[in-house]
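**Q** Below are the structure tokens for one structure; questions will follow.
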Amino acid sequence: MSIEVRVPTILRSYTGGLKVVTGTGDSIADLLTNLDTQYPGLRARLITEEGGLHKFVNVYINDEDVRFLGALDAKLNDGDTVTVLPAVAGG
Amino acid sequence: MLTIDAAILDAIVAHARRDHPDEACGLVAGPVGSDTPSRHIAMANAARSMTFYEFDSTEYLRVWRDLDDRDEEPVVIYHSHTATEAYPSRTDISYAGWPQAHYLLVSTREPATTEVRSYRIVDGVVTEESVKVVNATADPPSRQRTVPASIQE
């Protein structure tokens with residue numbers, strides 16, 4: 001189970017500048033836990049203290065926003081690409 | 001300082017006017033590291049609101065992939081305020097996630113004049129910057145003004 005993860009500029013301070021990293025997991029939650037062992041601090045930028053997906057980021061599996069796929073419970077398959085983008089929003 | 005082509009700035013202002021009283025949003029892409037905004041992309045405001053804006057997540061992914069393929073990045077991220085001044089709100093600051101981008105705000109609250117101001121927003125700190133408009137033809141003098149740039153309609 002290998003998942004390619006595309007990391008936005010703002011989070012590359014956690015990945016040693018890497019734009020693309022690889023992790024494992026059957027769900028987004030598992031993947032983020034795995035990534036955090038490789039890149040400590042990354043998970044906390046994506047998940048709130050209450051344990052939900054942060055509203056300041058968009059996370060996609062292939063072409064789909066994970067909010068439409070069960071959020072952190074969204075299932076992953078070998079070869080999927082996960083893309084993280086900073087949400088662009090405001091008042 | 002933000003240096004931006006007059007035609008692109010005019011297109012941004014026209015977008016903001018068109019969507020008024022809802023907030024309009026979009027970006028101007030440019031080559032990575034160039035700090036040169038060259039390709040205007042008007043985005044849908046998924047919130048369709050007078051007080052909030054949000055890039056449609058599916059459209060945003062598609063646009064971002066296209067940028068990435070072209071070795072571009074968002075050089076300018078803009079949105080409008082339709083009843084308040086062109087200054088970042090607390091929500092704008094909390095969401096600002098592209099530290100290398102110029103955050104351009106357009107206020108359409110006055111029917112006759114459009115206020116355009118630009119900011120850097122990094123780690124929650126807002127720094128206003130001047131706006132230099134280039135390649136303008138037959139400009140009203142006001143368009144050359146910076147901080148804040150005010151465009152006569």
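Letters A, B, ... mark the chains of the structure tokens in the order given; residue numbers begin at 1 per chain; ligand numbers begin at 1, in order shown.
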Considering only C-alpha atoms, extract the chain A residues located within 6 Å of chain B and return them as a ChimeraX atom specification.
**A** /A:56,86,88-91
**Q** So that I can check the secondary structure, give me every residue of region 9-76 of chain B assigned strand (DSSP E) by backbone DSSP, as a PyMOL selection string.
**A** chain B and resi 25-31+39-43+53-54+72-76
**Q** Print the selection's residues with C-alpha atoms to a file, as a compact mmCIF listing (two decimals), in the first residue's frame.
**A**
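again.txt was written with the following content:
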# COMPACT_ATOMS: atom_id res chain seq x y z
CA CYS B 25 -12.63 35.62 -6.10
CA GLY B 26 -9.88 34.31 -8.29
CA LEU B 27 -6.17 34.24 -8.89
CA VAL B 28 -3.48 35.37 -11.25
CA ALA B 29 -0.94 32.71 -12.06
CA GLY B 30 2.66 33.26 -13.02
CA PRO B 31 5.84 31.23 -13.44
CA ARG B 39 -2.60 34.66 -16.36
CA HIS B 40 -5.92 35.73 -14.82
CA ILE B 41 -8.25 32.96 -13.69
CA ALA B 42 -11.64 34.02 -12.37
CA MET B 43 -12.92 31.40 -9.92
CA TYR B 53 -15.91 33.54 -0.40
CA GLU B 54 -14.50 30.13 -1.04
CA GLU B 72 3.14 28.19 -12.39
CA GLU B 73 1.91 29.23 -8.96
CA PRO B 74 -0.74 31.63 -7.67
CA VAL B 75 1.11 34.97 -7.69
CA VAL B 76 -2.03 36.94 -6.84
**Q** Would you pick out the contacts of region 19-27 of chain A at 6 Å or less, using only C-alpha atoms, so that residues sharing its chain but fewer than 6 positions from it are not included, and give the list as number ranges by chain?
**A** A: 1-7, 35, 73-76
**Q** With C-alpha atoms retained, could you export that selection as a compact mmCIF listing (two decimals), in the first residue's frame?
**A**
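Written out: part.txt:
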# COMPACT_ATOMS: atom_id res chain seq x y z
CA MET A 1 0.00 0.00 0.00
CA SER A 2 1.82 3.06 -1.24
CA ILE A 3 0.16 6.44 -1.46
CA GLU A 4 1.72 9.44 -3.15
CA VAL A 5 1.00 12.67 -1.30
CA ARG A 6 1.41 16.10 -2.86
CA VAL A 7 2.32 18.70 -0.28
CA LEU A 35 3.07 10.52 7.59
CA ASP A 73 -12.52 7.79 7.08
CA ALA A 74 -12.17 8.01 3.30
CA LYS A 75 -10.68 4.76 2.01
CA LEU A 76 -7.41 4.56 0.15
**Q** Using only C-alpha atoms, which residues sit within 10 Å of region 46-53 of chain A once same-chain residues fewer than 6 positions away are excluded, as number ranges by chain?
**A** A: 11, 28-29, 32, 59, 66-67, 71-72, 84, 86
**Q** What separation in Å, quoted to one decimal, exists between CA of Leu9 (chain B) and CA of Glu115 (chain B)?
**A**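 Separating CA of Leu9 (chain B) from CA of Glu115 (chain B) is a distance of 11.6 Å.
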**Q** Within chain A, find each residue whose DSSP state, derived from the backbone, is helix (DSSP H, G or I), and express the selection as an mmCIF file with N, CA and C atoms, in the first residue's frame.
**A**
data_model
loop_
_atom_site.group_PDB
_atom_site.id
_atom_site.type_symbol
_atom_site.label_atom_id
_atom_site.label_comp_id
_atom_site.auth_asym_id
_atom_site.auth_seq_id
_atom_site.Cartn_x
_atom_site.Cartn_y
_atom_site.Cartn_z
ATOM 1 N N THR A 9 3.236 24.235 -0.693
ATOM 2 C CA THR A 9 4.397 25.021 -0.249
ATOM 3 C C THR A 9 4.379 25.274 1.254
ATOM 4 N N ILE A 10 3.204 25.667 1.770
ATOM 5 C CA ILE A 10 3.122 26.095 3.170
ATOM 6 C C ILE A 10 3.428 24.967 4.152
ATOM 7 N N LEU A 11 3.310 23.710 3.709
ATOM 8 C CA LEU A 11 3.572 22.587 4.618
ATOM 9 C C LEU A 11 4.906 21.899 4.354
ATOM 10 N N ILE A 28 -7.554 7.959 5.076
ATOM 11 C CA ILE A 28 -6.846 9.237 5.225
ATOM 12 C C ILE A 28 -6.301 9.361 6.658
ATOM 13 N N ALA A 29 -7.101 8.948 7.634
ATOM 14 C CA ALA A 29 -6.647 9.024 9.032
ATOM 15 C C ALA A 29 -5.366 8.205 9.234
ATOM 16 N N ASP A 30 -5.357 6.965 8.704
ATOM 17 C CA ASP A 30 -4.173 6.098 8.825
ATOM 18 C C ASP A 30 -2.977 6.711 8.109
ATOM 19 N N LEU A 31 -3.249 7.245 6.938
ATOM 20 C CA LEU A 31 -2.167 7.846 6.147
ATOM 21 C C LEU A 31 -1.521 9.005 6.907
ATOM 22 N N LEU A 32 -2.358 9.850 7.514
ATOM 23 C CA LEU A 32 -1.818 11.012 8.227
ATOM 24 C C LEU A 32 -1.031 10.581 9.459
ATOM 25 N N THR A 33 -1.482 9.505 10.098
ATOM 26 C CA THR A 33 -0.734 8.974 11.238
ATOM 27 C C THR A 33 0.631 8.469 10.775
ATOM 28 N N ASN A 34 0.620 7.747 9.647
ATOM 29 C CA ASN A 34 1.889 7.250 9.091
ATOM 30 C C ASN A 34 2.812 8.399 8.690
ATOM 31 N N LEU A 35 2.247 9.397 8.040
ATOM 32 C CA LEU A 35 3.071 10.522 7.586
ATOM 33 C C LEU A 35 3.695 11.259 8.772
ATOM 34 N N ASP A 36 2.929 11.323 9.870
ATOM 35 C CA ASP A 36 3.422 12.064 11.031
ATOM 36 C C ASP A 36 4.641 11.388 11.665
ATOM 37 N N THR A 37 4.753 10.066 11.488
ATOM 38 C CA THR A 37 5.950 9.394 12.010
ATOM 39 C C THR A 37 7.166 9.762 11.151
ATOM 40 N N GLN A 38 6.929 9.997 9.875
ATOM 41 C CA GLN A 38 8.022 10.391 8.981
ATOM 42 C C GLN A 38 8.292 11.890 9.056
ATOM 43 N N LEU A 42 3.248 17.408 10.818
ATOM 44 C CA LEU A 42 2.403 17.563 9.626
ATOM 45 C C LEU A 42 0.930 17.287 9.939
ATOM 46 N N ARG A 43 0.699 16.216 10.702
ATOM 47 C CA ARG A 43 -0.672 15.816 11.001
ATOM 48 C C ARG A 43 -1.448 16.915 11.721
ATOM 49 N N ALA A 44 -0.748 17.591 12.657
ATOM 50 C CA ALA A 44 -1.419 18.618 13.461
ATOM 51 C C ALA A 44 -1.844 19.816 12.616
ATOM 52 N N ARG A 45 -1.238 19.968 11.453
ATOM 53 C CA ARG A 45 -1.641 21.053 10.565
ATOM 54 C C ARG A 45 -2.877 20.685 9.740
ATOM 55 N N LEU A 46 -3.223 19.408 9.758
ATOM 56 C CA LEU A 46 -4.333 18.934 8.926
ATOM 57 C C LEU A 46 -5.544 18.509 9.743
ATOM 58 N N VAL A 66 -12.037 14.867 -0.150
ATOM 59 C CA VAL A 66 -12.376 13.816 0.829
ATOM 60 C C VAL A 66 -13.605 14.161 1.670
ATOM 61 N N ARG A 67 -14.000 15.447 1.677
ATOM 62 C CA ARG A 67 -15.217 15.799 2.415
ATOM 63 C C ARG A 67 -16.440 15.084 1.839
ATOM 64 N N PHE A 68 -16.324 14.709 0.547
ATOM 65 C CA PHE A 68 -17.435 13.990 -0.089
ATOM 66 C C PHE A 68 -17.237 12.474 -0.009
ATOM 67 N N ALA A 71 -14.449 12.093 4.664
ATOM 68 C CA ALA A 71 -13.403 12.858 5.357
ATOM 69 C C ALA A 71 -12.255 11.949 5.798
ATOM 70 N N LEU A 72 -11.945 11.929 7.089
ATOM 71 C CA LEU A 72 -10.782 11.157 7.552
ATOM 72 C C LEU A 72 -10.978 9.655 7.374
ATOM 73 N N ASP A 73 -12.252 9.228 7.276
ATOM 74 C CA ASP A 73 -12.522 7.795 7.080
ATOM 75 C C ASP A 73 -12.431 7.371 5.622
#
**Q** Compare A:Leu18, A:Asn58, A:Gly70, A:Asp63 by their minimum atom-to-atom distance to Leu85 (chain A), counting only C-alpha atoms, and give me the closest one.
**A**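 The answer is A:Asn58, which sits nearest to Leu85 (chain A).
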**Q** With distances taken over only C-alpha atoms, which of B:Glu59, B:Asp71, B:Ala6, B:Met1 is nearest to Asp65 (chain A)?
**A**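 Under the stated criterion, the closest residue is B:Glu59.
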